[in-house]
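*Asks:* Have a look at the structure that comes next, please.
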Amino acid sequence: MKQTPAFIPPVLDSTQSKVNMELYDRSIDCYNEGKYRESFYLLLDHLDPDFRVKYGNPEGTEFHIPHGSVLVNIRIADNRISIVTDFLELPEKGRVAMLRQIADINLNYLLLPYFRREGDKLKIEYSCPLSQSHPHKMYFVLRNICHTGDRYDDEFCTKFGAKRCYEPKVTPFPPEESERICEAIYVTCRETLDMVKEYESERKYGYAWNVLDIAFYKIAYFAYPQGQLRNDLEKIVYDMDKDLPVAELVSKGKAFLEKLLAMPAEEIKKELYFVDILVSARRRSSLKNVQENFVDTYKEAAEAMQAGNYERSAVRLLYKFYEMYFYNDVQDDLNAVIVKALKKSSGKSVEEASEILFDAMDKIMDGELDGDWEDLLETPEVEEGVAQQVEQMQEMAASMQSQVLEMQTKMQEAMARGDMAEYMRLATEFQQKVMEQAMGKQE
């Protein structure tokens, strides 16, 4: 790589989470005081303050909240809370194969919610007494339903020809923005494939692997795609971390970009739209967790620059910055520091880019985020955000299937006998395991 890849301005100016920890804490307080309905209202408000009014009835007993391509229907009645998502209508052909995969998801991906068949339709459901609707539990129930439904409906429509029960409410990108993003995807594919070709000729497969992952993260960052394109990007990122020879992984990455490059523009544009999200798949960033995640790369880049290996430094810094956006909803002040560096280093020599990118990481590690960063954002005020986000359930289950099944059984047994204390202990243990694996994924 003689110079750094071009920076593509993202379709979203702000990448900050909307969640509010103060409301989450109040939700827990209300639950502990026996105010179960108020507790659930605050839980919804902590995810997005507008959703309860926008998608609920005046009585506060029903909510129909879109999450990506699925609709989450919530009903509170008779001191119970029920959550139902109409998933898909089974296809005439391929329904047996699809039902086999549904059974696997039921067993390995869903925890408390479950699939239920009603004629030719599939639903994802969960219900419990309001007295057992602890905010911690209900957050993960909503997350499990939202992410399973939103991911697999697109996949099953594409793979098996299943039909949607709900037509997503989407806002397509403006035509000129759609054209810009589509062309930027093609440019990124060509640019990356050229770099990979150069690295392969020099048998530098480690560098090739890095620039491929940068491209996947980068497309997810600037294009913010939805539907099957988002699913495909998540899958190739997951596949690139498999325990296989690096040359084989590089081959898989190249094939993905070549396929994307050959995709007609109209097909790509179908996946470029805005949609409401109830529970983000990304973790909420904080300066502390970003600093902890950057430690090794910070040291590696410093040592590479001291040794005059500016290419290694530039590649690793770009990788870490774009990876951060892939796994996190990044707060506005941190986002501004990195965006400035990415813009300034765009198309520069690796030596010049290394200095710019390292300076940005150095500021982050020193906690120096103050400055005239608000000019980069359409919204000048930094929102208070919180809500601990875990890595995607499907990635976690792939390497923790037996543990998930065992934990699922124990949690269901605890709930069946009304032992909330035991349930919370198990839920906390489960969350810790998830977060341990998430941090391992980021290292």
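Ordering of the structure tokens sets the chain letters (A, B, ...); residue numbers start at 1 within each chain; ligands are numbered from 1 in the order shown.
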Find the residues around A:Phe160 up to 9 Å (only C-alpha atoms counted), leave out those fewer than 3 positions away in its own chain, and share them as a ChimeraX atom specification.
*Replies:* /A:90-91,93-95,97-98,155-157
*Asks:* Excluding same-chain residues fewer than 3 positions from A:Leu47, what lies within 9 Å of it counting only C-alpha atoms, as a PDB file with N, CA, C and O atoms, in the first residue's frame?
*Replies:*
```pdb
ATOM      1  N   SER A  17     -25.058   6.530  20.432  1.00  0.00           N
ATOM      2  CA  SER A  17     -26.201   5.782  20.921  1.00  0.00           C
ATOM      3  C   SER A  17     -27.262   6.715  21.486  1.00  0.00           C
ATOM      4  O   SER A  17     -26.955   7.780  22.033  1.00  0.00           O
ATOM      5  N   LYS A  18     -28.524   6.304  21.376  1.00  0.00           N
ATOM      6  CA  LYS A  18     -29.621   7.091  21.930  1.00  0.00           C
ATOM      7  C   LYS A  18     -29.987   6.669  23.347  1.00  0.00           C
ATOM      8  O   LYS A  18     -30.796   7.330  23.999  1.00  0.00           O
ATOM      9  N   VAL A  19     -29.435   5.567  23.814  1.00  0.00           N
ATOM     10  CA  VAL A  19     -29.865   5.028  25.104  1.00  0.00           C
ATOM     11  C   VAL A  19     -29.438   5.934  26.257  1.00  0.00           C
ATOM     12  O   VAL A  19     -28.451   6.663  26.168  1.00  0.00           O
ATOM     13  N   ASN A  20     -30.197   5.856  27.345  1.00  0.00           N
ATOM     14  CA  ASN A  20     -30.009   6.755  28.472  1.00  0.00           C
ATOM     15  C   ASN A  20     -29.932   5.936  29.757  1.00  0.00           C
ATOM     16  O   ASN A  20     -30.925   5.364  30.196  1.00  0.00           O
ATOM     17  N   LEU A  23     -32.330   6.688  32.803  1.00  0.00           N
ATOM     18  CA  LEU A  23     -33.667   6.102  32.721  1.00  0.00           C
ATOM     19  C   LEU A  23     -33.631   4.613  33.024  1.00  0.00           C
ATOM     20  O   LEU A  23     -34.571   4.068  33.620  1.00  0.00           O
ATOM     21  N   TYR A  24     -32.558   3.950  32.631  1.00  0.00           N
ATOM     22  CA  TYR A  24     -32.427   2.514  32.933  1.00  0.00           C
ATOM     23  C   TYR A  24     -32.330   2.302  34.443  1.00  0.00           C
ATOM     24  O   TYR A  24     -32.971   1.402  35.000  1.00  0.00           O
ATOM     25  N   LEU A  42     -40.140   2.922  31.476  1.00  0.00           N
ATOM     26  CA  LEU A  42     -38.820   3.555  31.541  1.00  0.00           C
ATOM     27  C   LEU A  42     -37.780   2.763  30.759  1.00  0.00           C
ATOM     28  O   LEU A  42     -36.854   3.338  30.180  1.00  0.00           O
ATOM     29  N   LEU A  43     -37.935   1.445  30.738  1.00  0.00           N
ATOM     30  CA  LEU A  43     -37.017   0.613  29.946  1.00  0.00           C
ATOM     31  C   LEU A  43     -37.132   0.973  28.468  1.00  0.00           C
ATOM     32  O   LEU A  43     -36.118   1.131  27.775  1.00  0.00           O
ATOM     33  N   LEU A  44     -38.360   1.118  27.973  1.00  0.00           N
ATOM     34  CA  LEU A  44     -38.548   1.524  26.575  1.00  0.00           C
ATOM     35  C   LEU A  44     -37.993   2.920  26.340  1.00  0.00           C
ATOM     36  O   LEU A  44     -37.335   3.170  25.322  1.00  0.00           O
ATOM     37  N   PHE A  51     -40.159   6.392  21.231  1.00  0.00           N
ATOM     38  CA  PHE A  51     -40.883   5.214  20.758  1.00  0.00           C
ATOM     39  C   PHE A  51     -42.199   4.969  21.499  1.00  0.00           C
ATOM     40  O   PHE A  51     -43.190   4.547  20.899  1.00  0.00           O
ATOM     41  N   LEU A 278     -35.029  -0.637  17.520  1.00  0.00           N
ATOM     42  CA  LEU A 278     -35.407  -0.655  18.932  1.00  0.00           C
ATOM     43  C   LEU A 278     -34.204  -0.933  19.826  1.00  0.00           C
ATOM     44  O   LEU A 278     -33.964  -0.219  20.798  1.00  0.00           O
ATOM     45  N   VAL A 279     -33.433  -1.980  19.495  1.00  0.00           N
ATOM     46  CA  VAL A 279     -32.265  -2.352  20.299  1.00  0.00           C
ATOM     47  C   VAL A 279     -31.061  -2.456  19.368  1.00  0.00           C
ATOM     48  O   VAL A 279     -31.009  -3.347  18.517  1.00  0.00           O
ATOM     49  N   SER A 280     -30.104  -1.573  19.530  1.00  0.00           N
ATOM     50  CA  SER A 280     -28.945  -1.558  18.642  1.00  0.00           C
ATOM     51  C   SER A 280     -28.124  -2.837  18.777  1.00  0.00           C
ATOM     52  O   SER A 280     -27.981  -3.390  19.870  1.00  0.00           O
ATOM     53  N   ALA A 387     -26.315   2.026  27.986  1.00  0.00           N
ATOM     54  CA  ALA A 387     -26.936   0.742  27.757  1.00  0.00           C
ATOM     55  C   ALA A 387     -25.858  -0.187  27.277  1.00  0.00           C
ATOM     56  O   ALA A 387     -25.292   0.040  26.238  1.00  0.00           O
TER      57      ALA A 387
END
```
*Asks:* Please provide the set of residues having any atom within 7 Å of A:Ser82, restricted to only C-alpha atoms, with same-chain residues fewer than 3 positions apart removed, written as a ChimeraX atom specification.
*Replies:* /A:74-76,126-128
*Asks:* May I have all residues of stretch 145-369 of chain A that DSSP, computed from the backbone, assigns to strand (DSSP E), given as number ranges by chain?
*Replies:* A: 163-164, 171-172, 273-274, 283-284, 328-329
*Asks:* Write down as an mmCIF file with N, CA and C atoms, in the first residue's frame the residues of stretch 8-142 of chain A whose backbone DSSP state falls under alpha helix (DSSP H).
*Replies:*
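selection_36.cif, freshly written:
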```cif
data_model
loop_
_atom_site.group_PDB
_atom_site.id
_atom_site.type_symbol
_atom_site.label_atom_id
_atom_site.label_comp_id
_atom_site.auth_asym_id
_atom_site.auth_seq_id
_atom_site.Cartn_x
_atom_site.Cartn_y
_atom_site.Cartn_z
ATOM 1 N N MET A 21 -28.768 5.879 30.370
ATOM 2 C CA MET A 21 -28.565 5.060 31.555
ATOM 3 C C MET A 21 -29.355 5.548 32.766
ATOM 4 N N GLU A 22 -29.544 6.855 32.847
ATOM 5 C CA GLU A 22 -30.311 7.379 33.977
ATOM 6 C C GLU A 22 -31.720 6.785 33.986
ATOM 7 N N LEU A 23 -32.330 6.688 32.803
ATOM 8 C CA LEU A 23 -33.667 6.102 32.721
ATOM 9 C C LEU A 23 -33.631 4.613 33.024
ATOM 10 N N TYR A 24 -32.558 3.950 32.631
ATOM 11 C CA TYR A 24 -32.427 2.514 32.933
ATOM 12 C C TYR A 24 -32.330 2.302 34.443
ATOM 13 N N ASP A 25 -31.547 3.133 35.115
ATOM 14 C CA ASP A 25 -31.423 3.030 36.574
ATOM 15 C C ASP A 25 -32.761 3.294 37.256
ATOM 16 N N ARG A 26 -33.503 4.272 36.744
ATOM 17 C CA ARG A 26 -34.826 4.550 37.306
ATOM 18 C C ARG A 26 -35.780 3.394 37.063
ATOM 19 N N SER A 27 -35.629 2.724 35.928
ATOM 20 C CA SER A 27 -36.452 1.555 35.633
ATOM 21 C C SER A 27 -36.225 0.455 36.672
ATOM 22 N N ILE A 28 -34.970 0.219 37.019
ATOM 23 C CA ILE A 28 -34.659 -0.795 38.028
ATOM 24 C C ILE A 28 -35.214 -0.385 39.391
ATOM 25 N N ASP A 29 -35.104 0.903 39.719
ATOM 26 C CA ASP A 29 -35.638 1.387 40.994
ATOM 27 C C ASP A 29 -37.149 1.155 41.067
ATOM 28 N N CYS A 30 -37.852 1.460 39.977
ATOM 29 C CA CYS A 30 -39.299 1.255 39.957
ATOM 30 C C CYS A 30 -39.647 -0.229 40.119
ATOM 31 N N TYR A 31 -38.895 -1.075 39.453
ATOM 32 C CA TYR A 31 -39.157 -2.516 39.586
ATOM 33 C C TYR A 31 -38.972 -2.961 41.033
ATOM 34 N N ASN A 32 -37.916 -2.510 41.674
ATOM 35 C CA ASN A 32 -37.653 -2.893 43.065
ATOM 36 C C ASN A 32 -38.714 -2.364 44.017
ATOM 37 N N TYR A 36 -44.167 -2.180 38.445
ATOM 38 C CA TYR A 36 -43.698 -2.972 37.316
ATOM 39 C C TYR A 36 -44.017 -2.332 35.964
ATOM 40 N N ARG A 37 -45.211 -1.754 35.838
ATOM 41 C CA ARG A 37 -45.576 -1.141 34.566
ATOM 42 C C ARG A 37 -44.715 0.097 34.298
ATOM 43 N N GLU A 38 -44.552 0.943 35.307
ATOM 44 C CA GLU A 38 -43.704 2.120 35.158
ATOM 45 C C GLU A 38 -42.270 1.720 34.842
ATOM 46 N N SER A 39 -41.839 0.628 35.429
ATOM 47 C CA SER A 39 -40.486 0.123 35.173
ATOM 48 C C SER A 39 -40.307 -0.214 33.703
ATOM 49 N N PHE A 40 -41.309 -0.874 33.113
ATOM 50 C CA PHE A 40 -41.190 -1.254 31.702
ATOM 51 C C PHE A 40 -41.254 -0.026 30.800
ATOM 52 N N TYR A 41 -42.102 0.947 31.153
ATOM 53 C CA TYR A 41 -42.162 2.180 30.365
ATOM 54 C C TYR A 41 -40.785 2.858 30.321
ATOM 55 N N LEU A 42 -40.140 2.922 31.476
ATOM 56 C CA LEU A 42 -38.820 3.555 31.541
ATOM 57 C C LEU A 42 -37.780 2.763 30.759
ATOM 58 N N LEU A 43 -37.935 1.445 30.738
ATOM 59 C CA LEU A 43 -37.017 0.613 29.946
ATOM 60 C C LEU A 43 -37.132 0.973 28.468
ATOM 61 N N LEU A 44 -38.360 1.118 27.973
ATOM 62 C CA LEU A 44 -38.548 1.524 26.575
ATOM 63 C C LEU A 44 -37.993 2.920 26.340
ATOM 64 N N ASP A 45 -38.250 3.827 27.278
ATOM 65 C CA ASP A 45 -37.762 5.203 27.118
ATOM 66 C C ASP A 45 -36.238 5.257 27.096
ATOM 67 N N HIS A 46 -35.583 4.372 27.837
ATOM 68 C CA HIS A 46 -34.118 4.396 27.868
ATOM 69 C C HIS A 46 -33.540 3.959 26.535
ATOM 70 N N LEU A 47 -34.288 3.129 25.779
ATOM 71 C CA LEU A 47 -33.825 2.711 24.452
ATOM 72 C C LEU A 47 -34.021 3.821 23.428
ATOM 73 N N PHE A 51 -40.159 6.392 21.231
ATOM 74 C CA PHE A 51 -40.883 5.214 20.758
ATOM 75 C C PHE A 51 -42.199 4.969 21.499
ATOM 76 N N ARG A 52 -42.229 5.209 22.813
ATOM 77 C CA ARG A 52 -43.430 4.876 23.573
ATOM 78 C C ARG A 52 -44.618 5.727 23.116
ATOM 79 N N VAL A 53 -44.369 7.001 22.859
ATOM 80 C CA VAL A 53 -45.431 7.885 22.378
ATOM 81 C C VAL A 53 -45.721 7.631 20.905
ATOM 82 N N LYS A 54 -44.683 7.433 20.135
ATOM 83 C CA LYS A 54 -44.824 7.284 18.682
ATOM 84 C C LYS A 54 -45.524 5.989 18.296
ATOM 85 N N TYR A 55 -45.255 4.911 19.029
ATOM 86 C CA TYR A 55 -45.765 3.605 18.621
ATOM 87 C C TYR A 55 -46.693 2.944 19.642
ATOM 88 N N ARG A 95 -39.871 -25.632 2.739
ATOM 89 C CA ARG A 95 -40.315 -25.351 4.101
ATOM 90 C C ARG A 95 -39.718 -26.317 5.121
ATOM 91 N N VAL A 96 -39.472 -27.550 4.709
ATOM 92 C CA VAL A 96 -38.880 -28.510 5.640
ATOM 93 C C VAL A 96 -37.465 -28.081 6.017
ATOM 94 N N ALA A 97 -36.687 -27.699 5.000
ATOM 95 C CA ALA A 97 -35.317 -27.242 5.265
ATOM 96 C C ALA A 97 -35.337 -25.980 6.124
ATOM 97 N N MET A 98 -36.284 -25.088 5.865
ATOM 98 C CA MET A 98 -36.378 -23.860 6.642
ATOM 99 C C MET A 98 -36.766 -24.172 8.085
ATOM 100 N N LEU A 99 -37.704 -25.095 8.290
ATOM 101 C CA LEU A 99 -38.123 -25.451 9.636
ATOM 102 C C LEU A 99 -36.998 -26.120 10.416
ATOM 103 N N ARG A 100 -36.140 -26.867 9.724
ATOM 104 C CA ARG A 100 -34.975 -27.449 10.403
ATOM 105 C C ARG A 100 -34.086 -26.340 10.951
ATOM 106 N N GLN A 101 -33.880 -25.294 10.140
ATOM 107 C CA GLN A 101 -33.039 -24.186 10.586
ATOM 108 C C GLN A 101 -33.716 -23.392 11.694
ATOM 109 N N ILE A 102 -35.048 -23.284 11.633
ATOM 110 C CA ILE A 102 -35.796 -22.626 12.702
ATOM 111 C C ILE A 102 -35.601 -23.377 14.013
ATOM 112 N N ALA A 103 -35.636 -24.710 13.943
ATOM 113 C CA ALA A 103 -35.435 -25.518 15.146
ATOM 114 C C ALA A 103 -34.051 -25.274 15.737
ATOM 115 N N ASP A 104 -33.056 -25.130 14.872
ATOM 116 C CA ASP A 104 -31.697 -24.868 15.343
ATOM 117 C C ASP A 104 -31.620 -23.494 16.022
ATOM 118 N N ILE A 105 -32.286 -22.493 15.445
ATOM 119 C CA ILE A 105 -32.294 -21.158 16.045
ATOM 120 C C ILE A 105 -33.011 -21.195 17.387
ATOM 121 N N ASN A 106 -34.126 -21.909 17.435
ATOM 122 C CA ASN A 106 -34.885 -22.035 18.682
ATOM 123 C C ASN A 106 -34.013 -22.587 19.802
ATOM 124 N N LEU A 107 -33.179 -23.538 19.440
ATOM 125 C CA LEU A 107 -32.362 -24.233 20.428
ATOM 126 C C LEU A 107 -31.117 -23.453 20.811
ATOM 127 N N ASN A 108 -30.466 -22.844 19.825
ATOM 128 C CA ASN A 108 -29.134 -22.289 20.045
ATOM 129 C C ASN A 108 -29.032 -20.769 20.054
ATOM 130 N N PRO A 135 -36.057 -5.254 34.409
ATOM 131 C CA PRO A 135 -35.493 -4.552 33.244
ATOM 132 C C PRO A 135 -34.309 -5.264 32.604
ATOM 133 N N HIS A 136 -33.443 -5.831 33.431
ATOM 134 C CA HIS A 136 -32.279 -6.540 32.876
ATOM 135 C C HIS A 136 -32.730 -7.701 32.004
ATOM 136 N N LYS A 137 -33.681 -8.467 32.501
ATOM 137 C CA LYS A 137 -34.177 -9.605 31.736
ATOM 138 C C LYS A 137 -34.910 -9.149 30.479
ATOM 139 N N MET A 138 -35.796 -8.154 30.611
ATOM 140 C CA MET A 138 -36.617 -7.732 29.481
ATOM 141 C C MET A 138 -35.772 -7.076 28.394
ATOM 142 N N TYR A 139 -34.688 -6.410 28.785
ATOM 143 C CA TYR A 139 -33.791 -5.847 27.767
ATOM 144 C C TYR A 139 -33.242 -6.957 26.872
ATOM 145 N N PHE A 140 -32.764 -8.029 27.494
ATOM 146 C CA PHE A 140 -32.189 -9.112 26.702
ATOM 147 C C PHE A 140 -33.247 -9.907 25.947
ATOM 148 N N VAL A 141 -34.459 -9.973 26.475
ATOM 149 C CA VAL A 141 -35.558 -10.603 25.729
ATOM 150 C C VAL A 141 -35.838 -9.804 24.458
ATOM 151 N N LEU A 142 -35.972 -8.474 24.601
ATOM 152 C CA LEU A 142 -36.215 -7.622 23.436
ATOM 153 C C LEU A 142 -35.069 -7.710 22.433
#
```
*Asks:* Compile the contact shell of A:Lys259 as number ranges by chain: residues with an atom at most 12 Å away, counting only C-alpha atoms, same-chain residues fewer than 3 positions apart removed.
*Replies:* A: 185-186, 189-190, 193, 229, 232, 252-256, 262-264, 268
*Asks:* Between A:Ile124, A:Met1, A:Leu249, A:Ala6, which one has atoms that come closest to A:Thr188, using only C-alpha atoms?
*Replies:*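 For A:Thr188, the nearest of the given residues is A:Ala6.
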*Asks:* Could you state the separation of atom CA of A:Gly206 and atom CA of A:Val246 in Å, given to one decimal place?
*Replies:*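 Straight-line distance from atom CA of A:Gly206 to atom CA of A:Val246 works out to 7.0 Å.
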*Asks:* Just the number, please: distance in Å from atom CA of A:Leu122 to atom CA of A:Phe87, one decimal.
*Replies:*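 Going from atom CA of A:Leu122 over to atom CA of A:Phe87 covers 5.4 Å.
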*Asks:* Check the smallest atom-to-atom distance from each of A:Leu130, A:Tyr217, A:Leu12, A:Asp48 to A:Gly34 using only C-alpha atoms, then report the winner.
*Replies:* A:Leu130
*Asks:* Please identify all polymer residues within 10 Å of stretch 145-148 of chain A, counting only C-alpha atoms, omitting same-chain residues fewer than 5 positions from it, and present them as an MDAnalysis selection string.
*Replies:* chainID A and resid 66:72 83:85 87 105:106 109:115 124:126 140 153 277:281 392:394
*Asks:* I need the residues from that last selection saved to file as a JSON list (two decimals), in the first residue's frame (with C-alpha atoms), if you can.
*Replies:*
```json
[["chain", "number", "residue", "atom", "x", "y", "z"],
["A", 66, "PRO", "CA", -40.54, -1.50, 14.28],
["A", 67, "HIS", "CA", -37.02, -2.87, 14.53],
["A", 68, "GLY", "CA", -35.43, -3.05, 11.12],
["A", 69, "SER", "CA", -37.58, -5.36, 9.02],
["A", 70, "VAL", "CA", -39.69, -6.80, 11.87],
["A", 71, "LEU", "CA", -42.46, -5.37, 14.04],
["A", 72, "VAL", "CA", -42.33, -5.94, 17.79],
["A", 83, "ILE", "CA", -44.16, -9.74, 23.21],
["A", 84, "VAL", "CA", -44.99, -11.17, 19.78],
["A", 85, "THR", "CA", -43.24, -10.66, 16.45],
["A", 87, "PHE", "CA", -41.80, -13.51, 11.58],
["A", 105, "ILE", "CA", -32.29, -21.16, 16.04],
["A", 106, "ASN", "CA", -34.88, -22.03, 18.68],
["A", 109, "TYR", "CA", -29.94, -18.64, 19.46],
["A", 110, "LEU", "CA", -33.15, -17.86, 21.32],
["A", 111, "LEU", "CA", -32.98, -17.93, 25.11],
["A", 112, "LEU", "CA", -36.36, -17.17, 26.72],
["A", 113, "PRO", "CA", -38.33, -16.26, 23.56],
["A", 114, "TYR", "CA", -39.32, -19.05, 21.19],
["A", 115, "PHE", "CA", -40.71, -19.66, 17.69],
["A", 124, "ILE", "CA", -41.42, -15.23, 17.89],
["A", 125, "GLU", "CA", -43.03, -14.92, 21.31],
["A", 126, "TYR", "CA", -42.38, -14.36, 24.98],
["A", 140, "PHE", "CA", -32.19, -9.11, 26.70],
["A", 153, "ASP", "CA", -36.16, -12.82, 7.96],
["A", 277, "ILE", "CA", -34.07, 0.33, 15.51],
["A", 278, "LEU", "CA", -35.41, -0.65, 18.93],
["A", 279, "VAL", "CA", -32.27, -2.35, 20.30],
["A", 280, "SER", "CA", -28.94, -1.56, 18.64],
["A", 281, "ALA", "CA", -26.72, -4.47, 17.67],
["A", 392, "GLN", "CA", -24.39, -10.22, 18.24],
["A", 393, "MET", "CA", -26.17, -13.28, 19.53],
["A", 394, "GLN", "CA", -25.49, -15.36, 16.47]]
```
*Asks:* Please compute the atom CA of A:Val339-atom CA of A:Phe216 distance, one decimal, in Å.
*Replies:*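 About the pair atom CA of A:Val339 and atom CA of A:Phe216: they are 17.5 Å apart.
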